[in-house]
file my_file29.pdb (PDB, C-alpha atoms)
MODEL        1
ATOM      1  CA  MET A   7     210.312 172.065-371.884  1.00  0.00           C
ATOM      2  CA  LYS A   8     210.913 168.338-371.651  1.00  0.00           C
ATOM      3  CA  LEU A   9     209.297 166.175-368.970  1.00  0.00           C
ATOM      4  CA  ASN A  10     209.099 162.443-368.349  1.00  0.00           C
ATOM      5  CA  ALA A  11     206.730 160.628-366.006  1.00  0.00           C
ATOM      6  CA  ILE A  12     207.121 157.085-364.727  1.00  0.00           C
ATOM      7  CA  ASP A  13     204.683 157.313-361.814  1.00  0.00           C
ATOM      8  CA  THR A  14     201.492 159.137-360.885  1.00  0.00           C
ATOM      9  CA  GLU A  15     203.326 161.837-358.906  1.00  0.00           C
ATOM     10  CA  GLU A  16     205.314 162.821-361.990  1.00  0.00           C
ATOM     11  CA  LEU A  17     202.156 162.562-364.094  1.00  0.00           C
ATOM     12  CA  LYS A  18     200.571 165.198-361.825  1.00  0.00           C
ATOM     13  CA  ILE A  19     203.356 167.590-362.855  1.00  0.00           C
ATOM     14  CA  ILE A  20     202.633 167.029-366.555  1.00  0.00           C
ATOM     15  CA  ALA A  21     198.902 167.516-365.902  1.00  0.00           C
ATOM     16  CA  THR A  22     199.615 170.852-364.215  1.00  0.00           C
ATOM     17  CA  VAL A  23     201.837 172.023-367.079  1.00  0.00           C
ATOM     18  CA  LEU A  24     199.140 171.094-369.618  1.00  0.00           C
ATOM     19  CA  GLN A  25     196.202 172.720-367.832  1.00  0.00           C
ATOM     20  CA  ASP A  26     194.219 174.846-370.310  1.00  0.00           C
ATOM     21  CA  GLY A  27     195.959 173.160-373.241  1.00  0.00           C
ATOM     22  CA  LEU A  28     194.109 173.145-376.570  1.00  0.00           C
ATOM     23  CA  ILE A  29     193.880 169.994-378.684  1.00  0.00           C
ATOM     24  CA  GLU A  30     192.346 169.558-382.118  1.00  0.00           C
ATOM     25  CA  VAL A  31     190.629 166.197-382.557  1.00  0.00           C
ATOM     26  CA  SER A  32     192.801 165.560-385.642  1.00  0.00           C
ATOM     27  CA  ASP A  33     195.921 165.783-383.438  1.00  0.00           C
ATOM     28  CA  VAL A  34     194.994 162.766-381.295  1.00  0.00           C
ATOM     29  CA  LYS A  35     196.389 159.385-382.415  1.00  0.00           C
ATOM     30  CA  TYR A  36     196.387 155.907-380.919  1.00  0.00           C
ATOM     31  CA  LEU A  37     198.773 153.418-382.527  1.00  0.00           C
ATOM     32  CA  PRO A  38     197.709 150.047-381.078  1.00  0.00           C
ATOM     33  CA  SER A  39     200.348 148.040-382.953  1.00  0.00           C
ATOM     34  CA  ILE A  40     203.066 149.818-380.931  1.00  0.00           C
ATOM     35  CA  ARG A  41     200.843 150.556-377.895  1.00  0.00           C
ATOM     36  CA  THR A  42     201.426 154.307-378.152  1.00  0.00           C
ATOM     37  CA  PHE A  43     199.065 157.240-377.678  1.00  0.00           C
ATOM     38  CA  ILE A  44     200.215 160.595-379.114  1.00  0.00           C
ATOM     39  CA  VAL A  45     198.647 164.019-378.906  1.00  0.00           C
ATOM     40  CA  MET A  46     199.799 167.411-380.197  1.00  0.00           C
ATOM     41  CA  ILE A  47     198.742 170.069-377.735  1.00  0.00           C
ATOM     42  CA  THR A  48     198.909 173.853-377.799  1.00  0.00           C
ATOM     43  CA  ARG A  49     199.840 174.460-374.190  1.00  0.00           C
ATOM     44  CA  PHE A  50     199.625 177.656-372.202  1.00  0.00           C
ATOM     45  CA  MET A  51     203.101 178.377-370.832  1.00  0.00           C
ATOM     46  CA  TRP A  52     202.304 178.780-367.136  1.00  0.00           C
ATOM     47  CA  GLU A  53     206.008 179.084-366.353  1.00  0.00           C
ATOM     48  CA  GLU A  54     206.197 182.264-368.481  1.00  0.00           C
ATOM     49  CA  LYS A  55     203.091 183.683-366.817  1.00  0.00           C
ATOM     50  CA  ILE A  56     204.612 183.162-363.357  1.00  0.00           C
ATOM     51  CA  VAL A  57     208.192 184.263-364.107  1.00  0.00           C
ATOM     52  CA  ASN A  58     207.816 186.923-366.817  1.00  0.00           C
ATOM     53  CA  LYS A  59     204.122 187.895-366.466  1.00  0.00           C
ATOM     54  CA  THR A  60     203.533 187.128-370.173  1.00  0.00           C
ATOM     55  CA  ASN A  61     200.852 185.027-371.869  1.00  0.00           C
ATOM     56  CA  ASN A  62     202.475 182.599-374.295  1.00  0.00           C
ATOM     57  CA  ARG A  63     201.525 179.343-375.954  1.00  0.00           C
ATOM     58  CA  THR A  64     203.631 176.705-377.642  1.00  0.00           C
ATOM     59  CA  LYS A  65     203.062 173.415-379.414  1.00  0.00           C
ATOM     60  CA  ALA A  66     204.016 170.303-377.471  1.00  0.00           C
ATOM     61  CA  VAL A  67     203.830 166.562-378.038  1.00  0.00           C
ATOM     62  CA  LEU A  68     202.511 164.297-375.290  1.00  0.00           C
ATOM     63  CA  VAL A  69     203.278 160.583-375.677  1.00  0.00           C
ATOM     64  CA  PHE A  70     202.042 157.699-373.542  1.00  0.00           C
ATOM     65  CA  GLU A  71     203.723 154.335-374.131  1.00  0.00           C
ATOM     66  CA  ASP A  72     202.594 150.789-373.236  1.00  0.00           C
ATOM     67  CA  VAL A  73     198.929 151.740-373.728  1.00  0.00           C
ATOM     68  CA  LEU A  74     196.615 148.722-373.822  1.00  0.00           C
ATOM     69  CA  ALA A  75     193.389 150.503-374.790  1.00  0.00           C
ATOM     70  CA  VAL A  76     191.943 153.957-375.463  1.00  0.00           C
ATOM     71  CA  HIS A  77     188.314 155.040-375.069  1.00  0.00           C
ATOM     72  CA  SER A  78     186.712 158.427-375.608  1.00  0.00           C
ATOM     73  CA  ARG A  79     183.448 159.928-374.438  1.00  0.00           C
ATOM     74  CA  ASN A  80     181.596 162.987-375.766  1.00  0.00           C
ATOM     75  CA  ILE A  81     184.120 163.578-378.560  1.00  0.00           C
ATOM     76  CA  ASP A  82     182.916 163.679-382.170  1.00  0.00           C
ATOM     77  CA  GLN A  83     185.864 162.030-383.888  1.00  0.00           C
ATOM     78  CA  MET A  84     184.495 162.994-387.306  1.00  0.00           C
ATOM     79  CA  ASN A  85     184.803 166.694-386.437  1.00  0.00           C
ATOM     80  CA  LYS A  86     188.586 166.851-386.931  1.00  0.00           C
ATOM     81  CA  THR A  87     188.845 170.633-386.379  1.00  0.00           C
ATOM     82  CA  LYS A  88     186.986 170.578-383.054  1.00  0.00           C
ATOM     83  CA  VAL A  89     189.176 172.088-380.319  1.00  0.00           C
ATOM     84  CA  LEU A  90     189.129 170.509-376.873  1.00  0.00           C
ATOM     85  CA  GLU A  91     190.354 172.344-373.791  1.00  0.00           C
ATOM     86  CA  LEU A  92     192.284 170.100-371.379  1.00  0.00           C
ATOM     87  CA  LEU A  93     191.271 170.624-367.765  1.00  0.00           C
ATOM     88  CA  THR A  94     193.277 167.964-365.919  1.00  0.00           C
ATOM     89  CA  PHE A  95     194.148 164.256-365.638  1.00  0.00           C
ATOM     90  CA  ASN A  96     192.650 161.655-363.317  1.00  0.00           C
ATOM     91  CA  PHE A  97     194.298 158.309-362.693  1.00  0.00           C
ATOM     92  CA  TYR A  98     193.396 155.229-360.725  1.00  0.00           C
ATOM     93  CA  TYR A  99     193.822 151.458-360.693  1.00  0.00           C
ATOM     94  CA  ASN A 100     191.026 149.409-362.250  1.00  0.00           C
ATOM     95  CA  LYS A 101     189.811 145.898-361.345  1.00  0.00           C
ATOM     96  CA  SER A 102     192.555 144.363-363.515  1.00  0.00           C
ATOM     97  CA  LYS A 103     195.156 146.303-361.505  1.00  0.00           C
ATOM     98  CA  ASN A 104     196.004 148.344-364.599  1.00  0.00           C
ATOM     99  CA  ILE A 105     196.274 152.124-364.437  1.00  0.00           C
ATOM    100  CA  GLU A 106     193.548 154.166-366.091  1.00  0.00           C
ATOM    101  CA  ILE A 107     194.552 157.690-367.034  1.00  0.00           C
ATOM    102  CA  GLU A 108     191.681 160.015-367.900  1.00  0.00           C
ATOM    103  CA  LEU A 109     192.282 163.207-369.833  1.00  0.00           C
ATOM    104  CA  LEU A 110     189.390 165.477-368.841  1.00  0.00           C
ATOM    105  CA  PHE A 111     188.261 168.210-371.225  1.00  0.00           C
ATOM    106  CA  ASN A 112     185.647 170.938-371.317  1.00  0.00           C
ATOM    107  CA  ASN A 113     182.072 169.939-372.210  1.00  0.00           C
ATOM    108  CA  ASP A 114     182.418 166.672-370.252  1.00  0.00           C
ATOM    109  CA  ALA A 115     184.658 165.125-372.920  1.00  0.00           C
ATOM    110  CA  THR A 116     187.082 162.409-371.809  1.00  0.00           C
ATOM    111  CA  ILE A 117     189.836 160.258-373.254  1.00  0.00           C
ATOM    112  CA  LYS A 118     190.676 157.245-371.091  1.00  0.00           C
ATOM    113  CA  LEU A 119     193.921 155.297-371.493  1.00  0.00           C
ATOM    114  CA  GLU A 120     194.513 151.895-369.940  1.00  0.00           C
ATOM    115  CA  THR A 121     198.115 150.969-369.258  1.00  0.00           C
ATOM    116  CA  GLU A 122     200.123 148.629-367.051  1.00  0.00           C
ATOM    117  CA  VAL A 123     202.648 151.315-366.116  1.00  0.00           C
ATOM    118  CA  VAL A 124     202.945 155.093-366.301  1.00  0.00           C
ATOM    119  CA  GLN A 125     205.297 156.016-369.094  1.00  0.00           C
ATOM    120  CA  ALA A 126     204.681 159.518-370.458  1.00  0.00           C
ATOM    121  CA  LYS A 127     206.791 162.149-372.188  1.00  0.00           C
ATOM    122  CA  LEU A 128     206.045 165.790-372.891  1.00  0.00           C
ATOM    123  CA  GLU A 129     208.224 167.858-375.192  1.00  0.00           C
ATOM    124  CA  ASP A 130     207.748 171.376-376.558  1.00  0.00           C
ATOM    125  CA  GLN A 131     208.018 171.813-380.330  1.00  0.00           C
ATOM    126  CA  GLY A 132     209.135 175.045-381.991  1.00  0.00           C
ATOM    127  CA  ASP A 133     208.857 178.654-380.886  1.00  0.00           C
ATOM    128  CA  SER A 134     206.230 180.105-378.589  1.00  0.00           C
ATOM    129  CA  TRP A 135     203.900 182.996-379.433  1.00  0.00           C
ATOM    130  CA  THR A 136     202.119 185.664-377.417  1.00  0.00           C
ATOM    131  CA  VAL A 137     198.388 185.435-376.736  1.00  0.00           C
ATOM    132  CA  GLU A 138     196.019 187.886-375.071  1.00  0.00           C
ATOM    133  CA  GLU A 139     194.324 185.506-372.620  1.00  0.00           C
ATOM    134  CA  VAL A 140     194.656 181.971-371.324  1.00  0.00           C
ATOM    135  CA  ASN A 141     191.419 180.567-372.773  1.00  0.00           C
ATOM    136  CA  LYS A 142     191.184 182.044-376.274  1.00  0.00           C
ATOM    137  CA  LYS A 143     189.974 179.281-378.586  1.00  0.00           C
ATOM    138  CA  ASN A 144     191.924 180.708-381.547  1.00  0.00           C
ATOM    139  CA  ASP A 145     195.236 180.344-379.701  1.00  0.00           C
ATOM    140  CA  THR A 146     195.946 177.136-381.656  1.00  0.00           C
ATOM    141  CA  GLN A 147     197.279 179.094-384.642  1.00  0.00           C
ATOM    142  CA  THR A 148     200.621 180.902-384.706  1.00  0.00           C
TER     143      THR A 148
ENDMDL
END

call {"tool": "encode", "arguments": {"input": "my_file29.pdb", "output": "structure tokens"}}
result
Amino acid sequence: MKLNAIDTEELKIIATVLQDGLIEVSDVKYLPSIRTFIVMITRFMWEEKIVNKTNNRTKAVLVFEDVLAVHSRNIDQMNKTKVLELLTFNFYYNKSKNIEIELLFNNDATIKLETEVVQAKLEDQGDSWTVEEVNKKNDTQT
């Protein structure tokens, strides 16, 4: 799957596709010199569940460009193997009229991106694999 988002309506589609995605803390990177935020996510393939009634996961890369700042809350960045479960995205305009995109995780963890425009890309990487359930924490390994 390959998706691009240039507005909040398209970002809602990416958020839906990534619901219940699993992210290891070590797979989250902010590159301020090029204003890019990158995350490798093990996403549940909802499209396979709906169409083929199968439970599959695949690796995907989510990239946000033109990111001015990134802040996290309730995430131990020293625990690189910690797995976060993505619940959804929130987005809104702040006082500076920039867009804040919040990635909301289980255990009240949050990553907040500040950007002037929505510019996101999601692309699957490699083959998918079968899993027993949607929310198995060991689904990150193939």

call {"tool": "axis_aligned_box", "arguments": {"input": "my_file29.pdb", "around": "stretch 126-131 of chain A", "padding_each_side": "8 Å", "output": "AutoDock Vina command-line options"}}
result
--center_x 206.5 --center_y 165.7 --center_z -375.4 --size_x 19.5 --size_y 28.3 --size_z 25.9

call {"tool": "atom_distance", "arguments": {"input": "my_file29.pdb", "atom1": "atom CA of A:Lys103", "atom2": "atom CA of A:Val34"}}
result
25.7 Å

call {"tool": "resolve_selection", "arguments": {"input": "my_file29.pdb", "expression": "the PyMOL selection byres ((chain A and resi 132) around 12)", "output": "list in words"}}
result
Met7, Thr48, Arg63, Thr64, Lys65, Ala66, Val67, Glu129, Asp130, Gln131, Asp133, Ser134, Trp135 and Thr148 of chain A

call {"tool": "closest_residue", "arguments": {"input": "my_file29.pdb", "among": "A:Asn100, A:Lys118, A:Thr42, A:Val57", "to": "A:Arg79", "atoms": "only C-alpha atoms"}}
result
A:Lys118

call {"tool": "closest_residue", "arguments": {"input": "my_file29.pdb", "among": "A:Glu91, A:Glu139, A:Asp26, A:Asp33", "to": "A:Asp114", "atoms": "only C-alpha atoms"}}
result
A:Glu91

call {"tool": "resolve_selection", "arguments": {"input": "my_file29.pdb", "expression": "the PyMOL selection byres ((chain A and resi 20) around 10)", "output": "MDAnalysis selection string"}}
result
chainID A and resid 8:11 14:19 21:25 68 94:95 126:128

call {"tool": "residues_around", "arguments": {"input": "my_file29.pdb", "residues": "A:Asn104", "least_positions_apart": "4", "cutoff": "6 Å", "atoms": "only C-alpha atoms", "output": "ChimeraX atom specification"}}
result
/A:99-100,121-122

call {"tool": "residues_around", "arguments": {"input": "my_file29.pdb", "residues": "A:Val76", "least_positions_apart": "6", "cutoff": "10 Å", "atoms": "all atoms listed in the file", "output": "PyMOL selection string"}}
result
chain A and resi 35-38+41-43+106-108+117-121

call {"tool": "resolve_selection", "arguments": {"input": "my_file29.pdb", "expression": "the PyMOL selection byres ((chain A and resi 113) around 12)", "output": "list in words"}}
result
Arg79, Asn80, Ile81, Asp82, Lys88, Val89, Leu90, Glu91, Leu92, Leu93, Leu110, Phe111, Asn112, Asp114, Ala115 and Thr116 of chain A

call {"tool": "atom_distance", "arguments": {"input": "my_file29.pdb", "atom1": "atom CA of A:Thr87", "atom2": "atom CA of A:Phe50"}}
result
19.1 Å

call {"tool": "atom_distance", "arguments": {"input": "my_file29.pdb", "atom1": "atom CA of A:Lys101", "atom2": "atom CA of A:Val31"}}
result
29.4 Å

call {"tool": "closest_residue", "arguments": {"input": "my_file29.pdb", "among": "A:Thr60, A:Leu28, A:Leu109, A:Lys55", "to": "A:Asn96", "atoms": "only C-alpha atoms"}}
result
A:Leu109

call {"tool": "residues_around", "arguments": {"input": "my_file29.pdb", "residues": "A:Asp13", "least_positions_apart": "6", "cutoff": "8 Å", "atoms": "all atoms listed in the file", "output": "ChimeraX atom specification"}}
result
/A:123-125

call {"tool": "decode", "arguments": {"input": "my_file29.pdb", "residues": "chain A", "atoms": "C-alpha atoms", "output": "mmCIF file, in the first residue's frame"}}
result
data_model
loop_
_atom_site.group_PDB
_atom_site.id
_atom_site.type_symbol
_atom_site.label_atom_id
_atom_site.label_comp_id
_atom_site.auth_asym_id
_atom_site.auth_seq_id
_atom_site.Cartn_x
_atom_site.Cartn_y
_atom_site.Cartn_z
ATOM 1 C CA MET A 7 0.000 0.000 0.000
ATOM 2 C CA LYS A 8 1.144 3.514 -0.808
ATOM 3 C CA LEU A 9 -0.686 6.598 0.463
ATOM 4 C CA ASN A 10 0.049 10.314 0.416
ATOM 5 C CA ALA A 11 -1.636 13.013 2.483
ATOM 6 C CA ILE A 12 -1.546 16.738 1.804
ATOM 7 C CA ASP A 13 -4.493 17.736 3.995
ATOM 8 C CA THR A 14 -6.202 16.607 7.185
ATOM 9 C CA GLU A 15 -8.895 14.638 5.331
ATOM 10 C CA GLU A 16 -6.248 12.484 3.664
ATOM 11 C CA LEU A 17 -4.386 12.234 6.972
ATOM 12 C CA LYS A 18 -7.536 10.692 8.491
ATOM 13 C CA ILE A 19 -7.255 7.882 5.929
ATOM 14 C CA ILE A 20 -3.649 7.165 6.933
ATOM 15 C CA ALA A 21 -4.658 7.229 10.616
ATOM 16 C CA THR A 22 -7.374 4.652 9.934
ATOM 17 C CA VAL A 23 -4.984 2.383 8.025
ATOM 18 C CA LEU A 24 -2.450 2.570 10.876
ATOM 19 C CA GLN A 25 -4.872 1.906 13.732
ATOM 20 C CA ASP A 26 -3.437 -0.793 16.023
ATOM 21 C CA GLY A 27 0.002 -0.382 14.453
ATOM 22 C CA LEU A 28 2.999 -1.391 16.575
ATOM 23 C CA ILE A 29 6.076 0.827 16.820
ATOM 24 C CA GLU A 30 9.341 0.150 18.615
ATOM 25 C CA VAL A 31 10.841 3.266 20.189
ATOM 26 C CA SER A 32 14.076 2.610 18.255
ATOM 27 C CA ASP A 33 12.132 2.932 14.975
ATOM 28 C CA VAL A 34 11.149 6.571 15.563
ATOM 29 C CA LYS A 35 13.481 9.226 14.097
ATOM 30 C CA TYR A 36 13.321 12.996 13.794
ATOM 31 C CA LEU A 37 15.850 14.570 11.429
ATOM 32 C CA PRO A 38 15.633 18.306 12.192
ATOM 33 C CA SER A 39 18.255 19.318 9.622
ATOM 34 C CA ILE A 40 15.903 18.156 6.837
ATOM 35 C CA ARG A 41 12.674 18.704 8.831
ATOM 36 C CA THR A 42 11.616 15.068 8.464
ATOM 37 C CA PHE A 43 9.988 12.680 10.924
ATOM 38 C CA ILE A 44 10.204 8.956 10.072
ATOM 39 C CA VAL A 45 8.698 5.955 11.789
ATOM 40 C CA MET A 46 8.767 2.247 10.926
ATOM 41 C CA ILE A 47 5.462 0.711 11.905
ATOM 42 C CA THR A 48 4.186 -2.856 11.939
ATOM 43 C CA ARG A 49 0.662 -2.229 10.738
ATOM 44 C CA PHE A 50 -2.342 -4.499 10.947
ATOM 45 C CA MET A 51 -3.664 -4.962 7.409
ATOM 46 C CA TRP A 52 -7.303 -3.980 7.911
ATOM 47 C CA GLU A 53 -7.915 -4.277 4.174
ATOM 48 C CA GLU A 54 -7.049 -8.006 4.328
ATOM 49 C CA LYS A 55 -9.295 -8.506 7.351
ATOM 50 C CA ILE A 56 -12.244 -6.925 5.518
ATOM 51 C CA VAL A 57 -11.718 -8.493 2.076
ATOM 52 C CA ASN A 58 -10.158 -11.897 2.815
ATOM 53 C CA LYS A 59 -11.057 -12.393 6.510
ATOM 54 C CA THR A 60 -7.362 -12.931 7.371
ATOM 55 C CA ASN A 61 -5.197 -11.356 10.075
ATOM 56 C CA ASN A 62 -1.972 -10.068 8.541
ATOM 57 C CA ARG A 63 0.674 -7.536 9.460
ATOM 58 C CA THR A 64 3.314 -5.830 7.372
ATOM 59 C CA LYS A 65 6.102 -3.336 7.920
ATOM 60 C CA ALA A 66 5.454 0.176 6.647
ATOM 61 C CA VAL A 67 7.301 3.483 6.689
ATOM 62 C CA LEU A 68 5.462 6.662 7.654
ATOM 63 C CA VAL A 69 7.190 9.933 6.733
ATOM 64 C CA PHE A 70 6.148 13.470 7.635
ATOM 65 C CA GLU A 71 7.995 16.272 5.840
ATOM 66 C CA ASP A 72 8.352 19.983 6.706
ATOM 67 C CA VAL A 73 8.249 19.208 10.444
ATOM 68 C CA LEU A 74 9.269 22.172 12.600
ATOM 69 C CA ALA A 75 9.342 20.421 15.983
ATOM 70 C CA VAL A 76 8.653 17.074 17.656
ATOM 71 C CA HIS A 77 7.680 16.484 21.289
ATOM 72 C CA SER A 78 6.882 13.258 23.102
ATOM 73 C CA ARG A 79 5.057 12.521 26.328
ATOM 74 C CA ASN A 80 5.097 9.344 28.439
ATOM 75 C CA ILE A 81 7.646 7.617 26.193
ATOM 76 C CA ASP A 82 10.904 6.352 27.702
ATOM 77 C CA GLN A 83 13.273 7.059 24.830
ATOM 78 C CA MET A 84 16.034 5.067 26.530
ATOM 79 C CA ASN A 85 13.927 1.895 26.339
ATOM 80 C CA LYS A 86 14.563 1.281 22.625
ATOM 81 C CA THR A 87 12.720 -2.075 22.514
ATOM 82 C CA LYS A 88 9.524 -0.714 24.080
ATOM 83 C CA VAL A 89 6.571 -1.335 21.747
ATOM 84 C CA LEU A 90 3.915 1.350 21.422
ATOM 85 C CA GLU A 91 0.462 0.622 20.036
ATOM 86 C CA LEU A 92 -0.871 3.412 17.796
ATOM 87 C CA LEU A 93 -4.491 4.269 18.526
ATOM 88 C CA THR A 94 -5.145 7.242 16.238
ATOM 89 C CA PHE A 95 -4.036 10.734 15.158
ATOM 90 C CA ASN A 96 -5.368 14.092 16.319
ATOM 91 C CA PHE A 97 -4.660 17.306 14.455
ATOM 92 C CA TYR A 98 -5.456 20.940 15.028
ATOM 93 C CA TYR A 99 -4.120 24.438 14.410
ATOM 94 C CA ASN A 100 -2.110 26.022 17.218
ATOM 95 C CA LYS A 101 -1.781 29.710 18.171
ATOM 96 C CA SER A 102 0.957 30.169 15.546
ATOM 97 C CA LYS A 103 -1.449 28.860 12.887
ATOM 98 C CA ASN A 104 0.763 25.806 12.409
ATOM 99 C CA ILE A 105 -0.715 22.313 12.320
ATOM 100 C CA GLU A 106 -0.064 20.040 15.277
ATOM 101 C CA ILE A 107 -0.376 16.342 14.537
ATOM 102 C CA GLU A 108 -0.569 14.092 17.586
ATOM 103 C CA LEU A 109 0.136 10.387 17.315
ATOM 104 C CA LEU A 110 -1.772 8.842 20.226
ATOM 105 C CA PHE A 111 -0.589 5.544 21.690
ATOM 106 C CA ASN A 112 -1.632 3.168 24.439
ATOM 107 C CA ASN A 113 -0.662 4.065 28.021
ATOM 108 C CA ASP A 114 -1.306 7.774 27.344
ATOM 109 C CA ALA A 115 1.869 8.109 25.261
ATOM 110 C CA THR A 116 1.946 10.844 22.616
ATOM 111 C CA ILE A 117 4.225 12.131 19.888
ATOM 112 C CA LYS A 118 3.330 15.636 18.715
ATOM 113 C CA LEU A 119 4.595 17.061 15.420
ATOM 114 C CA GLU A 120 4.392 20.734 14.525
ATOM 115 C CA THR A 121 4.304 21.559 10.836
ATOM 116 C CA GLU A 122 3.200 24.359 8.532
ATOM 117 C CA VAL A 123 1.527 21.984 6.078
ATOM 118 C CA VAL A 124 0.376 18.370 5.991
ATOM 119 C CA GLN A 125 2.796 16.347 3.934
ATOM 120 C CA ALA A 126 2.786 12.648 4.841
ATOM 121 C CA LYS A 127 3.594 9.422 3.022
ATOM 122 C CA LEU A 128 2.910 5.836 4.010
ATOM 123 C CA GLU A 129 4.454 2.929 2.142
ATOM 124 C CA ASP A 130 4.448 -0.795 2.911
ATOM 125 C CA GLN A 131 7.827 -2.547 2.984
ATOM 126 C CA GLY A 132 8.297 -6.232 2.178
ATOM 127 C CA ASP A 133 5.967 -9.192 2.545
ATOM 128 C CA SER A 134 3.148 -9.537 5.040
ATOM 129 C CA TRP A 135 2.766 -12.350 7.577
ATOM 130 C CA THR A 136 -0.171 -13.994 9.316
ATOM 131 C CA VAL A 137 -0.953 -13.252 12.959
ATOM 132 C CA GLU A 138 -3.522 -14.772 15.302
ATOM 133 C CA GLU A 139 -5.065 -11.560 16.659
ATOM 134 C CA VAL A 140 -4.997 -7.832 16.039
ATOM 135 C CA ASN A 141 -3.344 -6.778 19.310
ATOM 136 C CA LYS A 142 -0.618 -9.366 19.915
ATOM 137 C CA LYS A 143 2.447 -7.503 21.174
ATOM 138 C CA ASN A 144 4.821 -10.024 19.557
ATOM 139 C CA ASP A 145 3.430 -9.295 16.086
ATOM 140 C CA THR A 146 6.436 -7.042 15.381
ATOM 141 C CA GLN A 147 8.607 -10.019 14.407
ATOM 142 C CA THR A 148 8.229 -11.989 11.179
#
